[in-house]
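Written out below as structure tokens is the structure these notes cover.
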Amino acid sequence: MLEDHAKIVSLLEQAGEVVGRKKLQKIIYILKKCDVPFQEKYHFHFFGPYSEELSLRIEELCNLGFINEVKETKGGYYQYRYTQTEAAKEFLSHFDIHMETIEPLIQELNNQNSKFLELVSTILYFDDLTREEIIEKVQVVKKKQNYSLDDIEEAFTFIASIKSMNTKVS
């Protein structure tokens, strides 16, 4: 049961830190779409794919002392910074999860900004549609984000690049 919790902690171990709740949601969704075995269920929400399950797991991990969540004020809104705690290392020792094999992929995702990951995850959410239908859908559901065709093409290129990376968790 706690293996799904351990995967989140292991991801944070590889990332070092993730800044932003939305960013953490998008990183895990994108990894899941790259066949990394995350089990959380997602639905489409204001900022693209969102998992209530993931939010609850993160809250549980914070309460258990395995994840630090630091709330920061940034320009009129709050931002959350996530890191693994020392206690998390002991917790992870009980599981056979080795995310270090996909550390380059995790780092590549973590190096992107939240707005771009929102676009990438939205495109992946609609991956059962044709490319043209996805572009139309993004322009409708993400109208307020004002993504240009260049932004969308950059996201498609990024998706192709990350899908070619190793996504095998040993």
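Naming scheme: A, B, ... for chains in displayed order of the structure tokens; residues 1 onward per chain; ligands 1 onward as shown.
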Residues of stretch 130-161 of chain A that have any atom at most 12 Å from an atom of stretch 23-44 of chain A: could you tabulate them with the shortest-distance atom pair and the distance in Å to one decimal, using only C-alpha atoms, ordered by chain and increasing number, as CSV?
```
residue,atom,partner,partner_atom,distance
A:Val141,CA,A:Phe44,CA,9.9
A:Lys142,CA,A:Phe44,CA,11.6
A:Ala155,CA,A:Ile30,CA,12.0
A:Phe158,CA,A:Ile30,CA,11.3
A:Ile159,CA,A:Ile30,CA,9.0
A:Ala160,CA,A:Cys34,CA,10.3
A:Ser161,CA,A:Cys34,CA,11.0
```
As a short mmCIF file (atom, residue, chain, number, x, y, z; two decimals) with all heavy atoms, in the first residue's frame, please: the residues near A:Asp151 (cut-off 10 Å, only C-alpha atoms, same-chain neighbours under 6 positions excluded).
```cif
data_model
loop_
_atom_site.label_atom_id
_atom_site.label_comp_id
_atom_site.auth_asym_id
_atom_site.auth_seq_id
_atom_site.Cartn_x
_atom_site.Cartn_y
_atom_site.Cartn_z
N PHE A 116 4.86 25.66 -18.92
CA PHE A 116 5.21 24.77 -20.02
C PHE A 116 4.77 23.33 -19.69
O PHE A 116 4.23 22.63 -20.55
CB PHE A 116 6.71 24.83 -20.30
CG PHE A 116 7.14 23.99 -21.48
CD1 PHE A 116 6.77 24.34 -22.77
CD2 PHE A 116 7.90 22.85 -21.29
CE1 PHE A 116 7.14 23.56 -23.85
CE2 PHE A 116 8.29 22.07 -22.37
CZ PHE A 116 7.91 22.43 -23.66
N LEU A 119 1.18 22.87 -20.34
CA LEU A 119 0.91 22.66 -21.76
C LEU A 119 1.25 21.23 -22.17
O LEU A 119 0.46 20.55 -22.83
CB LEU A 119 1.72 23.66 -22.60
CG LEU A 119 1.66 23.48 -24.13
CD1 LEU A 119 0.23 23.55 -24.64
CD2 LEU A 119 2.54 24.53 -24.80
N VAL A 120 2.42 20.75 -21.78
CA VAL A 120 2.85 19.39 -22.13
C VAL A 120 1.86 18.37 -21.58
O VAL A 120 1.43 17.45 -22.30
CB VAL A 120 4.29 19.12 -21.60
CG1 VAL A 120 4.64 17.64 -21.69
CG2 VAL A 120 5.30 19.97 -22.36
N THR A 157 7.64 18.76 -29.58
CA THR A 157 9.06 18.38 -29.72
C THR A 157 9.61 17.88 -28.39
O THR A 157 10.33 16.87 -28.34
CB THR A 157 9.89 19.58 -30.24
OG1 THR A 157 9.34 19.99 -31.50
CG2 THR A 157 11.35 19.23 -30.40
#
```
Find the residues of stretch 2-84 of chain A that sit at most 10 Å from stretch 95-104 of chain A; for each, write down the nearest two atoms and how far apart they are in Å, to one decimal. Count only C-alpha atoms. Sort by chain, then by number going up, and give it as a Markdown table.
```
| residue | atom | partner | partner_atom | distance |
| --- | --- | --- | --- | --- |
| A:Leu2 | CA | A:Phe95 | CA | 9.0 |
| A:Glu3 | CA | A:Phe95 | CA | 6.9 |
| A:Ala6 | CA | A:Phe95 | CA | 7.2 |
| A:Lys7 | CA | A:Ile97 | CA | 6.9 |
| A:Ile8 | CA | A:Met99 | CA | 9.9 |
| A:Val9 | CA | A:Met99 | CA | 10.0 |
| A:Ser10 | CA | A:Met99 | CA | 6.3 |
| A:Leu11 | CA | A:Met99 | CA | 6.5 |
| A:Leu12 | CA | A:Met99 | CA | 9.7 |
| A:Glu13 | CA | A:Met99 | CA | 8.6 |
| A:Gln14 | CA | A:Glu103 | CA | 5.7 |
| A:Ala15 | CA | A:Glu103 | CA | 7.3 |
| A:Leu31 | CA | A:Ile102 | CA | 9.6 |
| A:Val36 | CA | A:Ile102 | CA | 8.9 |
```
Tell me which protein, DNA and RNA residues are within 12 Å of A:Cys62, counting only C-alpha atoms, leaving out same-chain ones fewer than 5 positions away, and put them as a list in words. His5, Ile8, Val9, Ser55, Leu56, Arg57, Ile67, Asn68, Glu69, Val70, Arg81, Tyr82, Thr83, Gln84, Thr85, Ala87 and Ala88 of chain A
Written file, previous selection with N, CA and C atoms, as an mmCIF file, in the first residue's frame:
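Wrote selection-v4.cif, looks like this:
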```cif
data_model
loop_
_atom_site.group_PDB
_atom_site.id
_atom_site.type_symbol
_atom_site.label_atom_id
_atom_site.label_comp_id
_atom_site.auth_asym_id
_atom_site.auth_seq_id
_atom_site.Cartn_x
_atom_site.Cartn_y
_atom_site.Cartn_z
ATOM 1 N N HIS A 5 3.330 5.711 -2.150
ATOM 2 C CA HIS A 5 3.905 6.821 -1.394
ATOM 3 C C HIS A 5 5.426 6.853 -1.589
ATOM 4 N N ILE A 8 6.712 8.507 -4.773
ATOM 5 C CA ILE A 8 6.727 9.976 -4.716
ATOM 6 C C ILE A 8 7.968 10.461 -3.969
ATOM 7 N N VAL A 9 8.265 9.805 -2.853
ATOM 8 C CA VAL A 9 9.454 10.171 -2.067
ATOM 9 C C VAL A 9 10.711 9.929 -2.898
ATOM 10 N N SER A 55 -2.572 14.561 -4.365
ATOM 11 C CA SER A 55 -2.613 15.606 -3.335
ATOM 12 C C SER A 55 -2.736 14.997 -1.947
ATOM 13 N N LEU A 56 -3.581 13.988 -1.809
ATOM 14 C CA LEU A 56 -3.757 13.329 -0.517
ATOM 15 C C LEU A 56 -2.496 12.582 -0.094
ATOM 16 N N ARG A 57 -1.851 11.900 -1.045
ATOM 17 C CA ARG A 57 -0.608 11.179 -0.717
ATOM 18 C C ARG A 57 0.482 12.143 -0.261
ATOM 19 N N ILE A 67 8.253 14.098 3.744
ATOM 20 C CA ILE A 67 8.383 15.198 2.787
ATOM 21 C C ILE A 67 8.266 16.507 3.554
ATOM 22 N N ASN A 68 9.139 17.453 3.218
ATOM 23 C CA ASN A 68 9.014 18.825 3.716
ATOM 24 C C ASN A 68 8.214 19.620 2.698
ATOM 25 N N GLU A 69 7.225 20.358 3.183
ATOM 26 C CA GLU A 69 6.471 21.283 2.340
ATOM 27 C C GLU A 69 6.646 22.663 2.954
ATOM 28 N N VAL A 70 7.355 23.532 2.254
ATOM 29 C CA VAL A 70 7.603 24.880 2.754
ATOM 30 C C VAL A 70 6.767 25.851 1.938
ATOM 31 N N ARG A 81 7.366 24.501 -1.724
ATOM 32 C CA ARG A 81 8.649 23.880 -2.075
ATOM 33 C C ARG A 81 8.693 22.508 -1.392
ATOM 34 N N TYR A 82 8.933 21.471 -2.199
ATOM 35 C CA TYR A 82 8.929 20.098 -1.688
ATOM 36 C C TYR A 82 10.324 19.491 -1.728
ATOM 37 N N THR A 83 10.720 18.897 -0.599
ATOM 38 C CA THR A 83 11.982 18.166 -0.512
ATOM 39 C C THR A 83 11.753 16.915 0.323
ATOM 40 N N GLN A 84 12.667 15.996 0.171
ATOM 41 C CA GLN A 84 12.656 14.769 0.956
ATOM 42 C C GLN A 84 13.298 15.065 2.311
ATOM 43 N N THR A 85 12.849 14.398 3.372
ATOM 44 C CA THR A 85 13.443 14.570 4.704
ATOM 45 C C THR A 85 14.457 13.457 4.957
ATOM 46 N N ALA A 87 14.206 11.354 7.406
ATOM 47 C CA ALA A 87 13.409 10.170 7.747
ATOM 48 C C ALA A 87 12.980 9.404 6.495
ATOM 49 N N ALA A 88 12.910 10.098 5.382
ATOM 50 C CA ALA A 88 12.481 9.464 4.135
ATOM 51 C C ALA A 88 13.475 8.396 3.671
#
```
Computed interatomic separation between atom CA of A:Leu149 and atom CA of A:Glu132 (Å): 11.2 Å
Å distance separating atom CA of A:Asn113 from atom CA of A:Gly48, one decimal place: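 About the pair atom CA of A:Asn113 and atom CA of A:Gly48: they are 14.3 Å apart.
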Every residue of chain A that DSSP places in strand (DSSP E), as number ranges by chain: A: 18-19, 43-45, 48-50, 67-74, 77-84
For the residues selected in the previous step, produce a file with N, CA, C and O atoms as a compact mmCIF listing (two decimals), in the first residue's frame.
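Contents of part-v8.txt, as written:
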```
# COMPACT_ATOMS: atom_id res chain seq x y z
N VAL A 18 11.24 20.13 -5.66
CA VAL A 18 10.29 20.57 -6.69
C VAL A 18 9.59 21.78 -6.11
O VAL A 18 9.08 21.73 -4.98
N VAL A 19 9.56 22.86 -6.89
CA VAL A 19 8.93 24.09 -6.43
C VAL A 19 7.58 24.24 -7.12
O VAL A 19 7.52 24.46 -8.33
N HIS A 43 -7.81 13.56 -13.56
CA HIS A 43 -8.90 14.08 -14.37
C HIS A 43 -8.50 15.49 -14.82
O HIS A 43 -7.57 16.08 -14.28
N PHE A 44 -9.23 16.02 -15.80
CA PHE A 44 -8.88 17.34 -16.30
C PHE A 44 -9.47 18.40 -15.39
O PHE A 44 -10.62 18.33 -14.99
N HIS A 45 -8.64 19.38 -15.04
CA HIS A 45 -9.00 20.42 -14.08
C HIS A 45 -8.57 21.76 -14.66
O HIS A 45 -8.08 21.83 -15.77
N GLY A 48 -5.04 21.79 -16.14
CA GLY A 48 -4.69 20.56 -16.84
C GLY A 48 -4.92 19.35 -15.95
O GLY A 48 -5.67 19.42 -14.98
N PRO A 49 -4.27 18.23 -16.27
CA PRO A 49 -4.48 17.01 -15.49
C PRO A 49 -4.16 17.22 -14.01
O PRO A 49 -3.15 17.83 -13.66
N TYR A 50 -5.06 16.71 -13.16
CA TYR A 50 -4.93 16.88 -11.71
C TYR A 50 -5.34 15.58 -11.02
O TYR A 50 -6.30 14.94 -11.43
N ILE A 67 8.25 14.10 3.74
CA ILE A 67 8.38 15.20 2.79
C ILE A 67 8.27 16.51 3.55
O ILE A 67 7.40 16.65 4.42
N ASN A 68 9.14 17.45 3.22
CA ASN A 68 9.01 18.83 3.72
C ASN A 68 8.21 19.62 2.70
O ASN A 68 8.51 19.56 1.50
N GLU A 69 7.23 20.36 3.18
CA GLU A 69 6.47 21.28 2.34
C GLU A 69 6.65 22.66 2.95
O GLU A 69 6.18 22.91 4.07
N VAL A 70 7.35 23.53 2.25
CA VAL A 70 7.60 24.88 2.75
C VAL A 70 6.77 25.85 1.94
O VAL A 70 6.87 25.90 0.71
N LYS A 71 5.92 26.61 2.64
CA LYS A 71 5.05 27.60 2.01
C LYS A 71 5.79 28.93 1.94
O LYS A 71 6.27 29.42 2.96
N GLU A 72 5.89 29.47 0.74
CA GLU A 72 6.59 30.75 0.53
C GLU A 72 5.65 31.74 -0.13
O GLU A 72 4.83 31.36 -0.96
N THR A 73 5.80 33.02 0.23
CA THR A 73 5.04 34.06 -0.44
C THR A 73 5.85 34.55 -1.63
O THR A 73 7.04 34.85 -1.50
N LYS A 74 5.22 34.57 -2.78
CA LYS A 74 5.92 35.02 -3.98
C LYS A 74 4.98 35.90 -4.79
O LYS A 74 4.04 35.42 -5.41
N TYR A 77 1.10 35.60 -4.18
CA TYR A 77 0.52 34.27 -4.06
C TYR A 77 1.47 33.36 -3.30
O TYR A 77 2.61 33.71 -3.04
N TYR A 78 0.97 32.20 -2.92
CA TYR A 78 1.80 31.24 -2.19
C TYR A 78 2.36 30.20 -3.14
O TYR A 78 1.70 29.78 -4.09
N GLN A 79 3.56 29.79 -2.84
CA GLN A 79 4.25 28.77 -3.60
C GLN A 79 4.76 27.74 -2.59
O GLN A 79 5.13 28.10 -1.48
N TYR A 80 4.77 26.48 -2.99
CA TYR A 80 5.19 25.41 -2.08
C TYR A 80 6.44 24.75 -2.62
O TYR A 80 6.55 24.47 -3.81
N ARG A 81 7.37 24.50 -1.72
CA ARG A 81 8.65 23.88 -2.07
C ARG A 81 8.69 22.51 -1.39
O ARG A 81 8.52 22.40 -0.19
N TYR A 82 8.93 21.47 -2.20
CA TYR A 82 8.93 20.10 -1.69
C TYR A 82 10.32 19.49 -1.73
O TYR A 82 11.01 19.56 -2.75
N THR A 83 10.72 18.90 -0.60
CA THR A 83 11.98 18.17 -0.51
C THR A 83 11.75 16.92 0.32
O THR A 83 10.79 16.83 1.09
N GLN A 84 12.67 16.00 0.17
CA GLN A 84 12.66 14.77 0.96
C GLN A 84 13.30 15.06 2.31
O GLN A 84 14.21 15.87 2.40
```
Shortest interatomic distance to A:Ile152 - which of A:Leu61, A:Ser93, A:Gly20, A:Ile135, counting only C-alpha atoms: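 Checking each candidate against A:Ile152, we get A:Ile135 as the closest.
For the atom pair formed by atom CA of A:Ile134 and atom CA of A:Tyr147, the distance is 12.8 Å, given to one decimal.
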Run DSSP on the backbone of this structure and report the residues of chain A it assigns to helix (DSSP H, G or I), as a VMD selection string. chain A and resid 3 to 15 21 to 33 52 to 64 86 to 92 99 to 110 114 to 125 131 to 141 143 to 145 149 to 163
